[in-house]
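Data block for start-v6.txt (compact mmCIF, C-alpha atoms):
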```
# COMPACT_ATOMS: atom_id res chain seq x y z
CA SER A 1 39.49 15.15 76.16
CA LEU A 2 38.48 18.27 74.28
CA SER A 3 35.70 16.43 72.43
CA ASN A 4 34.10 15.69 75.81
CA HIS A 5 34.11 19.41 76.60
CA PHE A 6 32.36 20.17 73.32
CA PRO A 7 29.98 17.17 72.88
CA ASP A 8 27.66 19.08 70.51
CA ALA A 9 30.50 20.21 68.28
CA HIS A 10 29.21 18.11 65.40
CA ASN A 11 25.51 18.45 66.25
CA THR A 12 24.66 22.12 66.27
CA HIS A 13 20.86 21.74 66.08
CA VAL A 14 20.21 19.91 69.33
CA THR A 15 17.20 21.33 71.18
CA SER A 16 15.38 20.43 74.34
CA GLN A 17 11.64 20.61 74.93
CA ILE A 18 10.61 21.70 78.41
CA THR A 19 7.09 20.82 79.43
CA GLY A 20 4.84 23.30 81.12
CA ASP A 21 4.98 21.27 84.33
CA ALA A 22 8.79 21.41 84.55
CA PRO A 23 10.24 23.73 87.23
CA GLN A 24 11.52 27.05 85.90
CA LEU A 25 14.79 28.53 87.10
CA ASN A 26 15.80 32.16 86.89
CA TYR A 27 18.35 32.85 84.13
CA ASP A 28 20.85 34.29 86.63
CA VAL A 29 20.58 31.09 88.69
CA LEU A 30 21.28 28.99 85.62
CA LEU A 31 24.35 31.08 84.82
CA TYR A 32 25.53 30.61 88.41
CA ILE A 33 25.10 26.84 88.04
CA ALA A 34 27.06 27.00 84.79
CA ALA A 35 29.86 28.84 86.56
CA LEU A 36 30.19 25.96 89.04
CA SER A 37 29.88 23.16 86.47
CA SER A 38 32.33 21.30 84.26
CA PRO A 39 32.59 22.27 80.57
CA ALA A 40 30.70 19.11 79.60
CA VAL A 41 27.77 20.04 81.86
CA VAL A 42 27.82 23.63 80.60
CA SER A 43 27.58 22.29 77.05
CA LEU A 44 24.44 20.34 78.00
CA LEU A 45 22.94 23.47 79.58
CA MET A 46 23.66 25.42 76.40
CA ARG A 47 21.40 23.04 74.47
CA THR A 48 18.31 24.01 76.44
CA CYS A 49 17.70 27.57 75.20
CA SER A 50 19.16 30.33 73.09
CA ASP A 51 19.96 32.55 76.10
CA LEU A 52 22.12 29.86 77.68
CA ARG A 53 23.59 29.05 74.29
CA ARG A 54 25.04 32.56 74.29
CA GLY A 55 25.60 33.08 78.00
CA GLY A 56 27.26 29.73 78.59
CA MET A 57 30.21 30.48 76.29
CA GLN A 58 32.14 32.39 78.95
CA HIS A 59 31.92 29.36 81.23
CA ILE A 60 32.68 26.62 78.73
CA LEU A 61 35.80 28.51 77.66
CA ARG A 62 36.98 29.41 81.14
CA GLY A 63 40.38 28.10 82.11
CA THR A 64 42.88 26.92 79.51
CA VAL A 65 41.78 25.39 76.22
CA THR A 66 44.34 22.79 75.08
CA LEU A 67 44.71 22.10 71.35
CA ASP A 68 47.46 19.59 70.63
CA THR A 69 46.06 17.40 67.83
CA ASP A 70 44.31 17.96 64.52
CA ASN A 71 41.17 16.33 65.90
CA LYS A 72 41.03 18.70 68.86
CA VAL A 73 41.50 21.72 66.60
CA ALA A 74 38.76 20.47 64.25
CA SER A 75 36.36 19.74 67.13
CA PHE A 76 36.99 23.11 68.74
CA TYR A 77 36.64 25.04 65.49
CA THR A 78 33.40 23.24 64.53
CA PHE A 79 32.02 24.02 67.98
CA MET A 80 32.95 27.71 67.63
CA LEU A 81 31.66 27.88 64.05
CA ALA A 82 28.13 27.15 65.29
CA ARG A 83 28.28 30.23 67.50
CA ASP A 84 28.32 33.92 66.77
CA ILE A 85 31.78 35.25 65.92
CA SER A 86 31.68 37.20 69.20
CA ALA A 87 32.00 33.87 71.06
CA TRP A 88 35.76 33.99 70.40
CA LYS A 89 36.06 36.91 72.82
CA HIS A 90 35.51 34.44 75.68
CA LEU A 91 38.73 32.57 74.85
CA THR A 92 41.22 33.95 77.37
CA SER A 93 43.81 31.15 77.74
CA LEU A 94 45.15 28.78 75.06
CA ARG A 95 47.69 25.96 75.12
CA PHE A 96 48.66 25.18 71.53
CA GLY A 97 51.33 22.79 70.31
CA TYR A 98 52.32 19.68 68.44
CA LEU A 99 55.16 17.49 69.63
CA GLU A 100 55.42 15.05 66.73
CA ALA A 101 53.76 16.29 63.53
CA PRO A 102 52.89 19.75 62.19
CA LEU A 103 49.29 20.88 62.06
CA SER A 104 47.68 20.04 58.71
CA LYS A 105 47.01 22.93 56.33
CA GLU A 106 43.24 22.31 56.43
CA ALA A 107 43.11 22.40 60.23
CA ALA A 108 45.35 25.49 60.36
CA GLN A 109 43.22 27.40 57.86
CA ALA A 110 40.00 26.52 59.65
CA PHE A 111 41.40 27.54 63.01
CA THR A 112 42.90 30.86 61.88
CA ARG A 113 39.61 32.06 60.34
CA GLY A 114 38.08 32.27 63.79
CA PHE A 115 41.11 32.74 65.99
CA VAL A 116 41.82 36.27 64.71
CA HIS A 117 38.68 37.30 66.62
CA ALA A 118 40.01 36.04 69.99
CA THR A 119 40.82 39.60 71.02
CA ASN A 120 40.59 38.90 74.77
CA LEU A 121 43.19 36.15 74.80
CA GLU A 122 45.65 36.98 77.61
CA THR A 123 47.51 33.71 78.18
CA LEU A 124 49.23 31.85 75.33
CA GLN A 125 51.34 28.68 75.68
CA LEU A 126 53.12 27.29 72.60
CA LEU A 127 54.66 23.81 72.57
CA HIS A 128 57.18 23.17 69.78
CA PRO A 129 55.31 25.37 67.30
CA GLU A 130 58.07 25.84 64.72
CA THR A 131 57.12 23.11 62.25
CA SER A 132 53.47 24.16 62.25
CA PHE A 133 54.54 27.77 61.66
CA LEU A 134 56.91 26.67 58.88
CA PHE A 135 54.17 24.91 56.90
CA ASN A 136 51.33 27.30 57.85
CA PRO A 137 52.41 30.98 57.64
CA ASP A 138 48.79 32.12 58.14
CA LEU A 139 48.82 30.45 61.55
CA LEU A 140 51.87 32.46 62.57
CA HIS A 141 50.19 35.65 61.32
CA ALA A 142 47.03 34.87 63.30
CA PHE A 143 48.97 34.52 66.55
CA SER A 144 50.89 37.72 65.81
CA THR A 145 47.76 39.81 65.38
CA ILE A 146 46.15 38.94 68.74
CA PRO A 147 46.40 42.25 70.66
CA ASN A 148 46.24 41.57 74.41
CA VAL A 149 48.57 38.68 75.31
CA LYS A 150 50.00 39.33 78.79
CA ARG A 151 51.34 35.90 79.74
CA PHE A 152 53.34 33.98 77.14
CA SER A 153 55.36 30.78 77.31
CA VAL A 154 57.04 28.67 74.64
CA ASP A 155 58.98 25.43 74.64
CA GLY A 156 61.00 24.69 71.53
CA ALA A 157 61.32 28.28 70.30
CA ARG A 158 63.27 28.91 67.12
CA LYS A 159 63.29 31.34 64.21
CA PHE A 160 59.56 31.79 63.61
CA THR A 161 58.61 32.22 67.26
CA CYS A 162 61.45 34.70 67.72
CA LYS A 163 60.34 36.74 64.71
CA MET A 164 56.82 36.82 66.10
CA LEU A 165 58.01 38.08 69.48
CA GLU A 166 60.18 40.73 67.81
CA THR A 167 57.26 42.19 65.86
CA THR A 168 54.22 41.87 68.14
CA GLN A 169 53.01 44.72 70.33
CA TRP A 170 51.71 42.50 73.12
CA PRO A 171 51.50 44.13 76.59
CA LEU A 172 53.47 41.23 78.06
CA LYS A 173 53.83 40.94 81.82
CA ASN A 174 55.17 37.40 82.28
CA VAL A 175 57.25 35.52 79.70
CA ILE A 176 58.81 32.04 79.78
CA LEU A 177 61.20 31.28 76.91
CA GLY A 178 62.34 27.69 76.41
CA LYS A 179 64.66 26.76 73.56
CA ARG A 180 65.08 22.98 73.49
CA SER A 181 66.69 20.70 70.91
CA TYR A 182 64.19 20.47 68.10
CA SER A 183 64.78 19.54 64.47
CA ILE A 184 63.14 21.42 61.60
CA PRO A 185 63.40 20.10 58.04
CA ASN A 186 66.15 21.82 56.06
CA ARG A 187 67.13 24.02 58.99
CA GLY A 188 70.58 24.05 60.53
CA VAL A 189 73.31 26.27 61.91
CA THR A 190 72.37 29.24 59.73
CA GLU A 191 68.86 29.28 61.16
CA LEU A 192 70.17 29.09 64.73
CA ARG A 193 72.31 32.19 64.18
CA GLU A 194 69.14 34.19 63.52
CA ILE A 195 67.92 33.72 67.09
CA PRO A 196 68.38 36.99 69.02
CA HIS A 197 69.21 37.71 72.63
CA PRO A 198 65.98 37.75 74.71
CA LEU A 199 66.56 41.35 75.78
CA VAL A 200 66.59 42.44 72.14
CA MET A 201 63.77 40.14 71.06
CA LEU A 202 61.30 41.37 73.71
CA LYS A 203 62.05 45.07 73.36
CA ASN A 204 58.47 45.92 72.31
CA ALA A 205 57.30 44.77 75.75
CA ARG A 206 59.99 46.60 77.69
CA MET A 207 57.54 48.96 79.42
CA THR A 208 55.16 46.23 80.64
CA LEU A 209 57.30 43.14 81.32
CA GLU A 210 57.50 42.22 85.01
CA ALA A 211 58.83 38.64 85.08
CA LEU A 212 61.07 36.76 82.65
CA THR A 213 62.25 33.13 82.64
CA VAL A 214 64.82 32.04 80.04
CA GLU A 215 65.72 28.35 79.67
CA GLY A 216 68.47 26.94 77.47
CA TRP A 217 68.95 30.19 75.57
CA THR A 218 72.64 30.11 74.68
CA GLU A 219 72.42 33.63 73.26
CA CYS A 220 72.30 34.87 76.86
CA SER A 221 76.07 34.38 76.80
CA ASP A 222 76.40 36.91 73.95
CA PRO A 223 77.15 40.59 74.62
CA VAL A 224 74.44 43.18 73.92
CA LEU A 225 75.80 46.53 72.76
CA HIS A 226 72.77 48.71 73.52
CA PRO A 227 70.29 46.69 75.59
CA PRO A 228 66.81 48.21 75.97
CA VAL A 229 65.70 49.15 79.48
CA TYR A 230 62.92 47.18 81.21
CA PRO A 231 61.99 49.45 84.15
CA ASN A 232 59.29 47.16 85.57
CA LEU A 233 61.09 43.81 85.31
CA HIS A 234 61.48 42.61 88.90
CA ASP A 235 61.82 38.81 88.55
CA LEU A 236 64.47 37.13 86.37
CA THR A 237 65.28 33.42 86.03
CA LEU A 238 68.13 32.20 83.79
CA SER A 239 68.71 28.45 83.52
CA ASP A 240 70.77 26.02 81.43
CA LEU A 241 73.13 28.71 80.15
CA HIS A 242 76.65 28.23 78.84
CA TYR A 243 77.74 31.00 81.21
CA PRO A 244 76.07 34.23 82.35
CA LEU A 245 77.12 37.74 81.35
CA THR A 246 75.99 40.06 84.12
CA LEU A 247 76.22 43.51 82.56
CA PRO A 248 73.42 43.28 79.92
CA TRP A 249 70.94 42.34 82.64
CA VAL A 250 72.21 45.08 84.97
CA LEU A 251 71.75 47.72 82.27
CA SER A 252 68.36 46.39 81.10
CA CYS A 253 66.81 45.63 84.49
CA PRO A 254 67.78 48.46 86.85
CA ASN A 255 64.91 47.69 89.25
CA LEU A 256 65.40 43.94 89.45
CA ALA A 257 64.47 42.45 92.85
CA ARG A 258 64.71 38.66 92.46
CA LEU A 259 67.30 36.73 90.46
CA SER A 260 67.76 32.99 89.91
CA VAL A 261 70.61 31.60 87.80
CA SER A 262 71.86 28.13 86.86
CA THR A 263 74.52 27.24 84.28
CA GLU A 264 74.63 24.00 82.31
CA ASP A 265 78.24 23.21 83.27
CA PRO A 266 78.50 22.68 87.04
CA CYS A 267 81.96 21.14 86.57
CA MET A 268 83.50 24.11 84.78
CA ARG A 269 87.29 24.29 85.10
CA ARG A 270 88.49 26.86 87.63
CA THR A 271 90.62 28.68 85.06
CA VAL A 272 87.58 29.14 82.80
CA ALA A 273 85.45 30.29 85.74
CA ASP A 274 88.13 32.79 86.79
CA GLY A 275 88.14 34.29 83.29
CA ILE A 276 84.36 34.72 83.17
CA ARG A 277 84.28 36.18 86.67
CA SER A 278 87.05 38.67 85.85
CA GLN A 279 85.12 39.85 82.79
CA ASN A 280 81.86 40.30 84.72
CA ALA A 281 83.58 42.03 87.63
CA ALA A 282 85.48 44.44 85.38
CA GLN A 283 82.35 45.40 83.43
CA GLN A 284 80.35 46.07 86.59
CA LEU A 285 83.20 48.09 88.04
CA THR A 286 83.21 50.25 84.93
CA ARG A 287 79.49 50.45 84.07
CA GLY A 288 77.86 49.89 87.45
CA THR A 289 75.70 47.18 89.03
CA TRP A 290 72.44 46.85 90.93
CA GLN A 291 72.07 48.95 94.07
CA ARG A 292 70.39 46.09 95.92
CA LEU A 293 68.69 42.74 95.26
CA GLU A 294 65.99 41.33 97.49
CA GLU A 295 66.56 37.66 96.66
CA VAL A 296 69.16 35.66 94.74
CA CYS A 297 69.07 31.90 94.21
CA ALA A 298 72.05 30.18 92.60
CA SER A 299 74.84 27.68 93.05
CA PRO A 300 78.18 28.88 94.39
CA LEU A 301 79.66 28.55 90.89
CA ASP A 302 76.90 30.70 89.35
CA LEU A 303 77.44 33.39 91.96
CA TYR A 304 81.17 33.22 91.43
CA LEU A 305 80.67 33.75 87.68
CA LEU A 306 78.19 36.61 88.10
CA ALA A 307 80.52 38.54 90.47
CA ILE A 308 77.63 40.65 91.78
CA PRO A 309 79.04 43.11 94.37
CA CYS A 310 75.76 44.60 95.63
CA PRO A 311 73.90 44.00 98.92
CA ILE A 312 71.50 41.04 98.83
CA ALA A 313 68.72 40.71 101.39
CA ALA A 314 68.34 36.93 101.04
CA LEU A 315 70.89 34.69 99.35
CA MET A 316 69.98 31.04 98.67
CA VAL A 317 72.95 28.80 97.90
CA TYR A 318 73.10 25.08 97.10
CA ALA A 319 76.43 23.75 98.36
CA ARG A 320 77.86 20.66 96.68
CA LYS A 321 81.29 19.22 97.24
CA ASP A 322 82.74 20.53 93.98
CA THR A 323 81.45 24.09 94.46
CA VAL A 324 82.23 24.65 98.15
CA PRO A 325 85.59 26.34 97.39
CA TYR A 326 83.73 29.24 95.76
CA ILE A 327 81.61 30.08 98.81
CA PRO A 328 84.03 32.26 100.84
CA THR A 329 84.69 34.43 97.80
CA ILE A 330 81.05 34.90 96.87
CA LEU A 331 80.07 35.85 100.43
CA ASN A 332 82.73 38.54 100.48
CA THR A 333 81.48 39.86 97.15
CA ALA A 334 77.71 39.46 97.34
CA LEU A 335 77.22 41.03 100.78
CA PRO A 336 74.11 39.08 101.83
CA SER A 337 72.09 39.90 104.96
CA SER A 338 70.61 36.41 105.29
CA LEU A 339 72.04 33.18 103.93
CA TYR A 340 69.90 30.12 103.20
CA LEU A 341 72.42 27.33 102.80
CA SER A 342 71.33 23.96 101.38
CA LEU A 343 73.91 21.32 102.29
CA TYR A 344 74.13 18.06 100.37
CA PRO A 345 74.95 14.80 102.24
CA GLU A 346 78.03 14.31 100.04
CA LEU A 347 79.77 17.08 101.99
CA PRO A 348 82.18 15.80 104.64
CA PRO A 349 81.36 16.91 108.21
CA ALA A 350 84.48 19.08 108.42
CA ALA A 351 83.40 21.05 105.34
CA ILE A 352 79.94 21.61 106.83
CA VAL A 353 81.46 22.92 110.07
CA ASP A 354 83.67 25.30 108.10
CA LEU A 355 80.68 26.59 106.14
CA LEU A 356 78.70 27.30 109.29
CA ARG A 357 81.58 29.42 110.55
CA LEU A 358 81.43 31.65 107.48
CA PRO A 359 78.69 34.15 108.32
CA GLY A 360 80.94 37.11 109.20
CA LYS A 361 78.68 40.12 108.53
CA LEU A 362 75.61 37.95 108.01
CA HIS A 363 72.63 38.76 110.21
CA ASN A 364 71.08 35.30 109.78
CA ILE A 365 72.18 31.93 108.46
CA TYR A 366 69.72 29.09 107.80
CA PRO A 367 71.42 25.76 107.07
CA HIS A 368 69.33 22.95 105.58
CA MET A 369 70.29 19.37 104.72
CA THR A 370 69.12 18.41 101.22
CA GLN A 371 68.44 14.84 100.14
```

Could you quickly redo this structure as structure tokens?
Amino acid sequence: SLSNHFPDAHNTHVTSQITGDAPQLNYDVLLYIAALSSPAVVSLLMRTCSDLRRGGMQHILRGTVTLDTDNKVASFYTFMLARDISAWKHLTSLRFGYLEAPLSKEAAQAFTRGFVHATNLETLQLLHPETSFLFNPDLLHAFSTIPNVKRFSVDGARKFTCKMLETTQWPLKNVILGKRSYSIPNRGVTELREIPHPLVMLKNARMTLEALTVEGWTECSDPVLHPPVYPNLHDLTLSDLHYPLTLPWVLSCPNLARLSVSTEDPCMRRTVADGIRSQNAAQQLTRGTWQRLEEVCASPLDLYLLAIPCPIAALMVYARKDTVPYIPTILNTALPSSLYLSLYPELPPAAIVDLLRLPGKLHNIYPHMTQ
């Protein structure tokens, strides 16, 4: 637990007397030992002298600090309070979230007083933060003012997290957005309508973003009139969508290399699928599509809906019985060079034989039986 990592959090005056006969180790050697030790051992080393008390901070805070209860926040803050304010600069990765109850006002206020000095924080993970943000606006402000976040992930994002992402100037490189079912007191349909499309919400990071994962974000099915351009976004994963609209991503991510898509309705009626495909195909015919994709991973239905007509170096398809009818069409449209075909045991042998006869212009086909 966190309290084990910071055993002197509530005893900031512990000292150690070293006798003249005790062996002396060079300070650099002690720092090297600290670098190889667990946080609990580093904390013990920090009790021995003032130099290690300062120098050990970078090692005790290495890796990800997880704060998911009031007690952990209080222990961590008390530990940091006993150090110079510059100790916060050693915090580079934080996992912060509360699954059941919001953070108390006292714990939030104590934490935010120091956290605003964590200017070297680069990785931030938030787990269902909305209720804590609702009852502690200063906490939301503290997160928003951190300047150098490059890797960000959230599960249970809603209004407050979205507003934060819209306004921050973080130099984001990798973002994971998860919007799960999560109840907030006195919040309902009106609040949900205030959640923007990810492409609009992350526009301040458009010049730095390289990889984006979006999970359960129904707004991905909404049109975007003037999507911002993300020239360096090369990896895109869209999962648990109602249905994908291709054009906004084509216009926003002209240099995309790898795409993975999964819808939440694998049993979509063919008439509905035909309508979505027609819309995507018509828009790409009019406005353009990608010149080439290096890798695409999706079900036959997802590929049918996307209607991507560009060359694909490697296409990975998961073939189930109910989606096999889409495969001939998508291969004629997607133009893959290599096909990685995962075949489920539910497929009858005749269907498998027919699929293996499909390659046509394919250079390589790699069938694989999936359990």

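Counting only C-alpha atoms, the residue from A:Asp322, A:Asp240, A:Asp155, A:Glu295 that sits nearest to Leu335 in chain A is A:Glu295.
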
Polymer residues at most 9 Å from (74.5, 46.0, 77.9) by only C-alpha atoms, as JSON, numbers by chain: {"A": [223, 224, 225, 226, 227, 228, 246, 247, 248, 249, 250, 251, 252]}

Å distance separating CA of Val154 in chain A from CA of Gly178 in chain A, one decimal place: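 About the pair CA of Val154 in chain A and CA of Gly178 in chain A: they are 5.7 Å apart.
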
Residues within 9 Å of range 87-99 of chain A, only C-alpha atoms, excluding chain neighbours under 2 positions, as a PyMOL selection string: chain A and resi 54+57-69+80+83-85+101-103+114-129+131-132+149

Write out, as a PDB file, keeping the file's coordinate frame, the residues just selected, with C-alpha atoms.
```pdb
ATOM      1  CA  ARG A  54      25.040  32.560  74.290  1.00  0.00           C
ATOM      2  CA  MET A  57      30.210  30.480  76.290  1.00  0.00           C
ATOM      3  CA  GLN A  58      32.140  32.390  78.950  1.00  0.00           C
ATOM      4  CA  HIS A  59      31.920  29.360  81.230  1.00  0.00           C
ATOM      5  CA  ILE A  60      32.680  26.620  78.730  1.00  0.00           C
ATOM      6  CA  LEU A  61      35.800  28.510  77.660  1.00  0.00           C
ATOM      7  CA  ARG A  62      36.980  29.410  81.140  1.00  0.00           C
ATOM      8  CA  GLY A  63      40.380  28.100  82.110  1.00  0.00           C
ATOM      9  CA  THR A  64      42.880  26.920  79.510  1.00  0.00           C
ATOM     10  CA  VAL A  65      41.780  25.390  76.220  1.00  0.00           C
ATOM     11  CA  THR A  66      44.340  22.790  75.080  1.00  0.00           C
ATOM     12  CA  LEU A  67      44.710  22.100  71.350  1.00  0.00           C
ATOM     13  CA  ASP A  68      47.460  19.590  70.630  1.00  0.00           C
ATOM     14  CA  THR A  69      46.060  17.400  67.830  1.00  0.00           C
ATOM     15  CA  MET A  80      32.950  27.710  67.630  1.00  0.00           C
ATOM     16  CA  ARG A  83      28.280  30.230  67.500  1.00  0.00           C
ATOM     17  CA  ASP A  84      28.320  33.920  66.770  1.00  0.00           C
ATOM     18  CA  ILE A  85      31.780  35.250  65.920  1.00  0.00           C
ATOM     19  CA  ALA A 101      53.760  16.290  63.530  1.00  0.00           C
ATOM     20  CA  PRO A 102      52.890  19.750  62.190  1.00  0.00           C
ATOM     21  CA  LEU A 103      49.290  20.880  62.060  1.00  0.00           C
ATOM     22  CA  GLY A 114      38.080  32.270  63.790  1.00  0.00           C
ATOM     23  CA  PHE A 115      41.110  32.740  65.990  1.00  0.00           C
ATOM     24  CA  VAL A 116      41.820  36.270  64.710  1.00  0.00           C
ATOM     25  CA  HIS A 117      38.680  37.300  66.620  1.00  0.00           C
ATOM     26  CA  ALA A 118      40.010  36.040  69.990  1.00  0.00           C
ATOM     27  CA  THR A 119      40.820  39.600  71.020  1.00  0.00           C
ATOM     28  CA  ASN A 120      40.590  38.900  74.770  1.00  0.00           C
ATOM     29  CA  LEU A 121      43.190  36.150  74.800  1.00  0.00           C
ATOM     30  CA  GLU A 122      45.650  36.980  77.610  1.00  0.00           C
ATOM     31  CA  THR A 123      47.510  33.710  78.180  1.00  0.00           C
ATOM     32  CA  LEU A 124      49.230  31.850  75.330  1.00  0.00           C
ATOM     33  CA  GLN A 125      51.340  28.680  75.680  1.00  0.00           C
ATOM     34  CA  LEU A 126      53.120  27.290  72.600  1.00  0.00           C
ATOM     35  CA  LEU A 127      54.660  23.810  72.570  1.00  0.00           C
ATOM     36  CA  HIS A 128      57.180  23.170  69.780  1.00  0.00           C
ATOM     37  CA  PRO A 129      55.310  25.370  67.300  1.00  0.00           C
ATOM     38  CA  THR A 131      57.120  23.110  62.250  1.00  0.00           C
ATOM     39  CA  SER A 132      53.470  24.160  62.250  1.00  0.00           C
ATOM     40  CA  VAL A 149      48.570  38.680  75.310  1.00  0.00           C
TER      41      VAL A 149
END
```

Residue nearest Arg269 in chain A - candidates A:Ala334, A:Ile195, A:Met207, A:Leu301, atoms counted: all atoms listed in the file: A:Leu301

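From CA of Pro137 in chain A back to CA of Gln109 in chain A, the distance works out to 9.9 Å.
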
Pairwise distance for CA of Leu140 in chain A and CA of Thr112 in chain A, rounded to one decimal in Å: 9.1 Å

Of the listed residues A:Thr370, A:Thr323, A:Thr208, A:Ser262, that which approaches Tyr340 in chain A most closely, counting only C-alpha atoms: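 Once distances to Tyr340 in chain A are computed over only C-alpha atoms, the minimum belongs to A:Thr370.
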
Padding 5 Å on each side, edges along x, y and z: where is the centre of the box around the listed atoms of range 322-339 of chain A, and how long are its edges in Å to one decimal? Output it as lines of an AutoDock Vina configuration file.
```
center_x = 78.1
center_y = 30.8
center_z = 99.6
size_x = 25.0
size_y = 30.5
size_z = 21.3
```

Counting all atoms listed in the file, the option among A:Leu172, A:Val229, A:Leu315, A:Leu259 closest to Leu331 in chain A: A:Leu315

Shortest interatomic distance to Arg277 in chain A - which of A:Trp170, A:Tyr318, A:Tyr326, A:Tyr366, counting all atoms listed in the file: A:Tyr326

Who sits within 8 Å of Leu202 in chain A, all atoms listed in the file, same chain under 3 positions skipped, as an MDAnalysis selection string: chainID A and resid 165:166 198:199 205:206

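Closest approach to Val317 in chain A among A:Ile330, A:Leu305, A:Leu209, A:Leu341 is made by A:Leu341 (distances from only C-alpha atoms).
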